[in-house]
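Structure, as structure tokens:
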Number of protein chains: 2
Amino acid sequence: MTDAAPPSLLYSVKQVELATRARLDELLRPSGVTALQYTALTVLERRDGMSSAELARNSFVTPQSMSDLVGALERRGLIARSPDPASRRRHVISLTDDGRALLALHAPAVQHLEDEMLTGFTARERTVFRDLLNRARAALG
Amino acid sequence: MTDAAPPSLLYSVKQVELATRARLDELLRPSGVTALQYTALTVLERRDGMSSAELARNSFVTPQSMSDLVGALERRGLIARSPDPASRRRHVISLTDDGRALLALHAPAVQHLEDEMLTGFTARERTVFRDLLNRARAALG
DNA sequence: CTCAATCATCAGGAATCCTGAGTATCAGAG
DNA sequence: CTCTGATACTCAGGATTCCTGATGATTGAG
């Protein structure tokens with residue numbers, strides 16, 4: 001009857017992520033890329049030349065699933081794969097100009113979404129939030 | 001080539017959620033409930049008597065999707081639906097004893113997962129983290 | 001060299017979530 | 001009261017996602 005227990009932090013994290021993903025999906029719909037595909041593109045933007053397997057580990061999905069996703073992005077011309085000179089079984093993935101253009105196209109709206117999420121946060125709180133999130137992520141292996 | 005830009009806070013939130021969901025799925029697999037189903041059960045634990053439509057809004061999915069999920073939980077005997085005396089088109093959803101037992105069964109492991117996520121956090125930081133997450137969620141409408 | 005591990009991909013299927021359509025109920029305007 | 005629009009729920013069908021299992025090529029350790 002009484003619910004003195006506050007929601008768990010696990011739940012709070014999920015809620016924030018659900019809310020942002022819903023907004024992101026809506027925002028991305030016209031481009032025909034999903035939030036997960038967009039996320040993979042932003043990862044490549046920061047760390048160009050990753051392999052499919054690395055992306056899979058980064059996104060906590062199986063290599064097979066990431067292969068599907070990467071295949072879809074390649075067919076749309078947003079990324080390109082090329083053999084890794086250092087290891088013949090790896091393929092390095094790079095953003096194409098189209099991929100970069102798509103990221104640039106949505107960057108303002110995504111930034112606006114982040115600003116909206118941080119409404120009422122002081123600069124100090126934003127820094128703290130980032131720090132706590134990164135530490136939480138690191139603590140989970 | 002240089003990637004001076006730090007990952008966005010949107011991305012950091014997603015990473016924490018991905019990491020916890022992966023762990024939660026693994027932890028829940030023996031019971032045959034998904035992380036999303038488990039989450040719905042915890043919501044009902046705190047707010048018994050919600051309708052399917054309310055749960056859908058809470059989880060940012062369509063009412064149809066939530067209807068599937070609720071149907072699955074009902075077939076497994078973890079929840080029960082009954083007509084709402086106050087409004088004949090609503091059905092209120094309650095946890096069954098089996099549903100409560102399933103939550104109790106996993107509560108320790110889930111708590112352990114949360115503790116693991118908060119490794120190195122002071123009590124004050126946990127409070128701040130909760131506050132920031134709740135404010136971020138609220139700011140997203 | 002041998003063998004276990006890794007990368008990538010194909011095939012098939014299960015699960016999830018969507019759109020569209022339809023029924024029932026409710027609340028408010030006229 | 002009646003009409004209208006909104007809401008709750010459900011069924012049907014399909015698209016997508018992501019999984020398991022299997023295969024082939026490559027690598028590196030013993």
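Letters A, B, ... go to the chains of the structure tokens in the order shown; residues in each chain start at 1; ligands are counted from 1 in the same order.
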> If you count only C-alpha atoms (C1' of nucleotides), which residues fall within 12 Å of region 87-104 of chain B, apart from same-chain ones fewer than 3 positions away, as a PyMOL selection string?
Replying inline: (chain A and resi 1) or (chain B and resi 28+30-33+37-55+67+70-71+73-84+107-111) or (chain C and resi 23-27) or (chain D and resi 7-10)
> Could you pull out all residues of chain B with a DSSP call of alpha helix (DSSP H) and give them as a PyMOL selection string?
Replying inline: chain B and resi 9-28+35-46+52-59+63-75+97-117+123-139
>> Would you mind listing, as a PyMOL selection string, all residues of chain B that have at least one atom within 6 Å of chain A, where only C-alpha atoms are what counts?
In response: chain B and resi 3+14+16-17+46+117-118+136-137+139-140
> So which residues touch DG28 (chain C) within 12 Å, counting only C-alpha atoms (C1' of nucleotides), skipping near sequence neighbours fewer than 6 positions away, as a ChimeraX atom specification?
Replying inline: /D:2-6
Could you write out the selected residues, including C-alpha atoms (C1' of nucleotides), as a PDB file, in the first residue's frame?
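Writing done, so here's selection03.pdb:
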ATOM      1  C1'  DT D   2     -27.198  13.530 -28.747  1.00  0.00           C
ATOM      2  C1'  DC D   3     -23.232  14.087 -31.183  1.00  0.00           C
ATOM      3  C1'  DT D   4     -18.337  14.330 -31.299  1.00  0.00           C
ATOM      4  C1'  DG D   5     -13.793  13.651 -30.099  1.00  0.00           C
ATOM      5  C1'  DA D   6     -10.683  11.412 -27.133  1.00  0.00           C
TER       6       DA D   6
END
> Quick one: DSSP strand (DSSP E or B) residues in region 12-118 of chain A, as a PyMOL selection string?
Replying inline: chain A and resi 50+79-84+87-95
Any chance you can output those residues with N, CA and C atoms as a PDB file, in the first residue's frame?
ATOM      1  N   MET A  50      37.238   1.682 -36.470  1.00  0.00           N
ATOM      2  CA  MET A  50      36.914   0.544 -35.622  1.00  0.00           C
ATOM      3  C   MET A  50      36.449  -0.623 -36.479  1.00  0.00           C
ATOM      4  N   ILE A  79      28.780   4.532 -44.383  1.00  0.00           N
ATOM      5  CA  ILE A  79      30.098   4.078 -43.936  1.00  0.00           C
ATOM      6  C   ILE A  79      30.735   3.273 -45.066  1.00  0.00           C
ATOM      7  N   ALA A  80      32.026   3.037 -44.953  1.00  0.00           N
ATOM      8  CA  ALA A  80      32.735   2.208 -45.918  1.00  0.00           C
ATOM      9  C   ALA A  80      33.644   1.263 -45.154  1.00  0.00           C
ATOM     10  N   ARG A  81      33.766   0.052 -45.659  1.00  0.00           N
ATOM     11  CA  ARG A  81      34.663  -0.920 -45.033  1.00  0.00           C
ATOM     12  C   ARG A  81      35.869  -1.158 -45.924  1.00  0.00           C
ATOM     13  N   SER A  82      37.008  -1.292 -45.315  1.00  0.00           N
ATOM     14  CA  SER A  82      38.204  -1.624 -46.077  1.00  0.00           C
ATOM     15  C   SER A  82      39.046  -2.580 -45.248  1.00  0.00           C
ATOM     16  N   PRO A  83      39.811  -3.426 -45.941  1.00  0.00           N
ATOM     17  CA  PRO A  83      40.631  -4.403 -45.225  1.00  0.00           C
ATOM     18  C   PRO A  83      41.635  -3.685 -44.330  1.00  0.00           C
ATOM     19  N   ASP A  84      41.873  -4.253 -43.175  1.00  0.00           N
ATOM     20  CA  ASP A  84      42.874  -3.707 -42.259  1.00  0.00           C
ATOM     21  C   ASP A  84      44.244  -4.217 -42.702  1.00  0.00           C
ATOM     22  N   SER A  87      45.862  -6.670 -40.226  1.00  0.00           N
ATOM     23  CA  SER A  87      45.298  -7.984 -39.915  1.00  0.00           C
ATOM     24  C   SER A  87      44.248  -8.329 -40.957  1.00  0.00           C
ATOM     25  N   ARG A  88      44.506  -9.395 -41.686  1.00  0.00           N
ATOM     26  CA  ARG A  88      43.672  -9.670 -42.843  1.00  0.00           C
ATOM     27  C   ARG A  88      42.250 -10.127 -42.495  1.00  0.00           C
ATOM     28  N   ARG A  89      42.018 -10.447 -41.226  1.00  0.00           N
ATOM     29  CA  ARG A  89      40.647 -10.869 -40.946  1.00  0.00           C
ATOM     30  C   ARG A  89      39.778  -9.706 -40.482  1.00  0.00           C
ATOM     31  N   ARG A  90      40.392  -8.559 -40.208  1.00  0.00           N
ATOM     32  CA  ARG A  90      39.611  -7.419 -39.756  1.00  0.00           C
ATOM     33  C   ARG A  90      39.287  -6.482 -40.916  1.00  0.00           C
ATOM     34  N   HIS A  91      38.153  -5.840 -40.810  1.00  0.00           N
ATOM     35  CA  HIS A  91      37.788  -4.779 -41.735  1.00  0.00           C
ATOM     36  C   HIS A  91      37.629  -3.510 -40.921  1.00  0.00           C
ATOM     37  N   VAL A  92      38.307  -2.464 -41.309  1.00  0.00           N
ATOM     38  CA  VAL A  92      38.135  -1.207 -40.595  1.00  0.00           C
ATOM     39  C   VAL A  92      36.995  -0.418 -41.229  1.00  0.00           C
ATOM     40  N   ILE A  93      36.241   0.234 -40.379  1.00  0.00           N
ATOM     41  CA  ILE A  93      35.047   0.957 -40.818  1.00  0.00           C
ATOM     42  C   ILE A  93      35.293   2.454 -40.697  1.00  0.00           C
ATOM     43  N   SER A  94      34.940   3.172 -41.753  1.00  0.00           N
ATOM     44  CA  SER A  94      35.103   4.623 -41.743  1.00  0.00           C
ATOM     45  C   SER A  94      33.811   5.291 -42.179  1.00  0.00           C
ATOM     46  N   LEU A  95      33.610   6.471 -41.666  1.00  0.00           N
ATOM     47  CA  LEU A  95      32.484   7.272 -42.122  1.00  0.00           C
ATOM     48  C   LEU A  95      32.761   7.756 -43.543  1.00  0.00           C
TER      49      LEU A  95
END
> Of the residues A:Ala35, A:Ala56, A:Gln64, A:Glu26, which is the one nearest to chain D, using only C-alpha atoms (C1' of nucleotides)?
Replying inline: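 Closest candidate: A:Gln64.
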> Excluding same-chain residues fewer than 2 positions from DG13 (chain D), what lies within 12 Å of it counting only C-alpha atoms (C1' of nucleotides), as a ChimeraX atom specification?
Replying inline: /C:18-21 /D:11,15
Export, as a PDB file, in the first residue's frame, the selected residues with N, CA, C and O atoms (P, O5', C5', C4', C3', O3' and C1' of nucleotides).
ATOM      1  P    DC C  18       6.613   0.563 -30.516  1.00  0.00           P
ATOM      2  O5'  DC C  18       6.072   0.737 -32.005  1.00  0.00           O
ATOM      3  C5'  DC C  18       6.998   1.058 -33.038  1.00  0.00           C
ATOM      4  C4'  DC C  18       6.458   0.643 -34.392  1.00  0.00           C
ATOM      5  C3'  DC C  18       5.081   1.213 -34.702  1.00  0.00           C
ATOM      6  O3'  DC C  18       5.218   2.397 -35.469  1.00  0.00           O
ATOM      7  C1'  DC C  18       5.182  -1.134 -35.218  1.00  0.00           C
ATOM      8  P    DT C  19       3.923   3.333 -35.611  1.00  0.00           P
ATOM      9  O5'  DT C  19       3.064   2.676 -36.782  1.00  0.00           O
ATOM     10  C5'  DT C  19       3.638   2.454 -38.061  1.00  0.00           C
ATOM     11  C4'  DT C  19       2.615   1.811 -38.980  1.00  0.00           C
ATOM     12  C3'  DT C  19       1.305   2.596 -39.102  1.00  0.00           C
ATOM     13  O3'  DT C  19       0.896   2.619 -40.467  1.00  0.00           O
ATOM     14  C1'  DT C  19       0.855   0.393 -38.337  1.00  0.00           C
ATOM     15  P    DG C  20      -0.367   3.517 -40.901  1.00  0.00           P
ATOM     16  O5'  DG C  20      -1.587   2.481 -40.843  1.00  0.00           O
ATOM     17  C5'  DG C  20      -1.452   1.221 -41.461  1.00  0.00           C
ATOM     18  C4'  DG C  20      -2.722   0.411 -41.265  1.00  0.00           C
ATOM     19  C3'  DG C  20      -4.010   1.246 -41.197  1.00  0.00           C
ATOM     20  O3'  DG C  20      -5.005   0.621 -42.004  1.00  0.00           O
ATOM     21  C1'  DG C  20      -3.862  -0.150 -39.297  1.00  0.00           C
ATOM     22  P    DA C  21      -6.447   1.297 -42.188  1.00  0.00           P
ATOM     23  O5'  DA C  21      -7.355   0.375 -41.248  1.00  0.00           O
ATOM     24  C5'  DA C  21      -7.273  -1.044 -41.381  1.00  0.00           C
ATOM     25  C4'  DA C  21      -8.180  -1.703 -40.364  1.00  0.00           C
ATOM     26  C3'  DA C  21      -9.526  -0.996 -40.172  1.00  0.00           C
ATOM     27  O3'  DA C  21     -10.563  -1.959 -40.211  1.00  0.00           O
ATOM     28  C1'  DA C  21      -8.460  -1.310 -38.081  1.00  0.00           C
TER      29       DA C  21
ATOM     30  P    DC D  11      -7.113  -9.978 -28.157  1.00  0.00           P
ATOM     31  O5'  DC D  11      -7.185  -9.881 -29.748  1.00  0.00           O
ATOM     32  C5'  DC D  11      -8.453  -9.672 -30.378  1.00  0.00           C
ATOM     33  C4'  DC D  11      -8.270  -9.527 -31.883  1.00  0.00           C
ATOM     34  C3'  DC D  11      -7.275 -10.515 -32.496  1.00  0.00           C
ATOM     35  O3'  DC D  11      -7.830 -11.064 -33.681  1.00  0.00           O
ATOM     36  C1'  DC D  11      -6.653  -8.277 -33.017  1.00  0.00           C
ATOM     37  P    DA D  15       6.267  -6.366 -44.747  1.00  0.00           P
ATOM     38  O5'  DA D  15       7.347  -5.416 -44.067  1.00  0.00           O
ATOM     39  C5'  DA D  15       6.942  -4.179 -43.479  1.00  0.00           C
ATOM     40  C4'  DA D  15       7.897  -3.807 -42.368  1.00  0.00           C
ATOM     41  C3'  DA D  15       9.364  -4.103 -42.699  1.00  0.00           C
ATOM     42  O3'  DA D  15      10.128  -2.945 -42.439  1.00  0.00           O
ATOM     43  C1'  DA D  15       8.741  -5.129 -40.629  1.00  0.00           C
TER      44       DA D  15
END
Give me the chain C side of the contact with chain A, cut-off 12 Å, one line per residue showing its nearest atom pair and distance in Å at one decimal, counting only C-alpha atoms (C1' of nucleotides), sorted by chain and residue number, as a Markdown table.
| residue | atom | partner | partner_atom | distance |
| --- | --- | --- | --- | --- |
| C:DT6 | C1' | A:Arg89 | CA | 8.7 |
| C:DC7 | C1' | A:Arg89 | CA | 5.5 |
| C:DA8 | C1' | A:Arg89 | CA | 7.4 |
| C:DT9 | C1' | A:Ser67 | CA | 7.7 |
| C:DC10 | C1' | A:Gln64 | CA | 9.8 |
| C:DA11 | C1' | A:Gln64 | CA | 11.6 |
>> Show me, as a ChimeraX atom specification, the residues of chain D whose atoms get within 12 Å of chain A, using only C-alpha atoms (C1' of nucleotides) for the distance check.
In response: /D:16-21,24-28
> What is the distance, in Å and to one decimal place, between C1' of DT16 (chain C) and CA of Asp25 (chain A)?
Replying inline: 16.1 Å
>> Report, in Å with one decimal, the straight-line distance from C1' of DT23 (chain D) to C1' of DG12 (chain C).
In response: 14.5 Å
